[in-house]
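Participant: Provided herewith is a single structure, encoded as structure tokens, for subsequent inquiry.
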Amino acid sequence: MRTYFSAVLSAAFLVLLAVLVPLSALSAWVDLEIDDTDRYVAAVAPLASDPDVRNTVADLITDEAMKQIDVGPLQDPVRDFLHQAVESFTTTEAFQAAWNAANRTAHEAVTAALDGQTGESVTIDLAPVTEKVRQNLVDNGVPFADQIPVEHTDIRLISADRADQLRQSFRWLRAASVWPAVGTLVLTLLGLVTAWLRGGPARRGRVRALLAATAVAGAGYALGALVLRGALALARDRILAEVNGTERDAAAAVYDALTASLRTTVWIVLGVGLACAVCALATRIRYGPTPPAPAAPASSTAPAGA
């Protein structure tokens with residue numbers, strides 16, 4: 001009966017950790033990175049040199065400009081020329097500064113959209129970038145550059161329908177902050193202490209029980225890391241499936257940049273969890289079985305009349 005109860009307790013411990021580990025990572029990520037403007041900008045700043053992002057920015061700005069330009073049969077050559085001029089600007093330091101400014105401005109809009117009303121998509125407004133592009137091209141005498149519109153140019157990251165589905169989860173994660181991570185650590189400690197106390201009066205039995213609980217905890221952390229990795233991959237596929245084809249590559253780059261810390265967390269937790277589980281099991285095996293408790297001495301009664 002005791003063995004059965006221990007098995008049930010270990011299974012419950014494993015499942016709880018597998019659930020709490022991804023929740024802890026996600027809530028901490030929202031609190032420490034998504035809600036922090038400086039960290040958000042630092043995460044997406046390297047994308048200014050990403051070819052997919054630069055090409056998407058050039059496509060969007062050029063497409064909006066060509067809506068204002070009508071040169072008849074020269075429409076395609078003019079578009080190609082303007083696209084090359086915009087794409088050339090995306091290789092400059094001025095574009096990097098404009099990209100950072102755009103994302104600093106967009107951060108508040110992104111978090112507000114995830115925490116706002118239904119029907120809003122999550123986008124990065126390229127107005128600061130477009131303004132810099134237009135000014136640079138005008139200063140360099142590029143034809144038609146003055147007709148590039150500054151408004152209504154953005155990269156869609158999450159569609160309105162998908163954002164509606166994510167908002168409630170986002171609000172919960174924001175409210176939870178780092179407390180799920182604290183709860184996970186407390187639960188782990190309680191599980192180890194409980195195992196030690198239930199190991200019996202002998203020190204050897206307690207050590208073996210502690211090693212078994214450590215192995216279960218390590219497996220729980222590793223399983224939780226795999227659950228988080230699967231959730232990130234599934235969310236990526238579903239979110240990008242609803243983004244327009246012309247913006248999908250840039251949206252994918254932004255998604256990957258923002259979740260890079262989560263993917264790093266996955267591999268760290270997976271590695272540490274597996275290492276703890278394997279080492280604890282190996283040590284428990286080498287430690288040997290718990291010796292049986294010594295039998296109580298049989299009581300003897302002298303025969304009557306001896």
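Ordering of the structure tokens sets the chain letters (A, B, ...), residue numbers begin anew at 1 in every chain, and ligands are numbered from 1 in the order given.
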For range 251-253 of chain A, find every residue with an atom within 7 Å (counting only C-alpha atoms), except residues of its own chain fewer than 3 positions away, and show them as a VMD selection string.
Facilitator: chain A and resid 156 to 157 240 247 to 248 256 to 257
Participant: Export N, CA and C atoms of the chosen residues as a compact mmCIF listing (two decimals), in the first residue's frame?
Facilitator:
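Contents of the output file selection-v1.txt:
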```txt
# COMPACT_ATOMS: atom_id res chain seq x y z
N ARG A 156 2.08 43.39 -39.75
CA ARG A 156 1.14 42.69 -38.88
C ARG A 156 1.82 41.48 -38.27
N LEU A 157 1.79 41.42 -36.94
CA LEU A 157 2.39 40.30 -36.22
C LEU A 157 1.37 39.23 -35.87
N LEU A 240 1.55 32.62 -37.63
CA LEU A 240 2.06 32.98 -38.95
C LEU A 240 1.13 32.54 -40.07
N GLU A 247 4.11 39.75 -45.53
CA GLU A 247 4.61 40.16 -44.22
C GLU A 247 5.03 38.96 -43.36
N ARG A 248 4.81 37.74 -43.85
CA ARG A 248 5.01 36.55 -43.01
C ARG A 248 6.46 36.37 -42.59
N ASP A 256 10.45 35.05 -33.67
CA ASP A 256 11.61 34.29 -33.23
C ASP A 256 12.52 35.13 -32.33
N ALA A 257 12.64 36.42 -32.63
CA ALA A 257 13.48 37.30 -31.80
C ALA A 257 12.88 37.47 -30.42
```
Participant: I need the helix (DSSP H, G or I) residues of range 70-262 of chain A per DSSP on the backbone, written as a count of residues only.
Facilitator: 148
Participant: Give me, please, the distance in Å between CA of Ile124 in chain A and CA of Ala101 in chain A, quoted to one decimal.
Facilitator: 11.1 Å
Participant: Could you pull out the residues in range 51-244 of chain A that DSSP calls strand (DSSP E) from the backbone, as a VMD selection string?
Facilitator: chain A and resid 122 to 125 154 to 158
Participant: Can you tell me which residues surround range 39-55 of chain A at a distance of at most 9 Å, considering only C-alpha atoms, apart from same-chain residues fewer than 5 positions away, and format the answer as a list in words?
Facilitator: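 Answer for this query is Leu32, Glu33, Ile34, Leu60, Glu87, Thr90, Thr91, Phe95, Gln96, Ala97, Trp99, Asn100, Ala101, Asn103, Arg104, His107, Glu247, Asp249, Ala250, Ala251, Ala253, Val254, Ala257, Leu258, Thr259, Ala260 and Ser261 of chain A.
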Participant: List as number ranges by chain the protein and nucleic acid residues near Leu211 in chain A, meaning an atom at most 8 Å away when only C-alpha atoms are counted, but skip any in the same chain fewer than 2 places from it.
Facilitator: A: 207-209, 213-215, 280-281, 283-284
Participant: Could you check the closest approach to Gln135 in chain A for each of A:Thr194, A:Thr105, A:Thr264, A:Gln147 and tell me which residue wins, using only C-alpha atoms?
Facilitator: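 Among the listed residues, A:Gln147 lies closest to Gln135 in chain A.
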Participant: At a cut-off of 9 Å, can you tabulate as a tab-separated table every residue of range 151-203 of chain A near range 7-21 of chain A together with its closest atom pair and the distance in Å to one decimal, using only C-alpha atoms and ordering rows by chain then number?
Facilitator:
```
residue	atom	partner	partner_atom	distance
A:Pro180	CA	A:Leu20	CA	6.8
A:Ala181	CA	A:Val21	CA	7.3
A:Gly183	CA	A:Leu20	CA	8.2
A:Thr184	CA	A:Leu20	CA	6.1
A:Leu187	CA	A:Leu17	CA	8.2
A:Thr188	CA	A:Leu17	CA	7.9
A:Gly191	CA	A:Phe13	CA	7.3
```
Participant: Which value, in Å to one decimal, gives the distance between CA of Ala195 in chain A and CA of Ala282 in chain A?
Facilitator: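 Separation of CA of Ala195 in chain A and CA of Ala282 in chain A: 17.7 Å.
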Participant: List the neighbours of Trp267 in chain A out to 10 Å using only C-alpha atoms; skip same-chain residues closer than 5 positions along the sequence, and give me the result as a list in words.
Facilitator: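 Contacts, in chain order: Ala222, Ala225, Leu226, Arg229, Leu262, Val272 and Gly273 of chain A.
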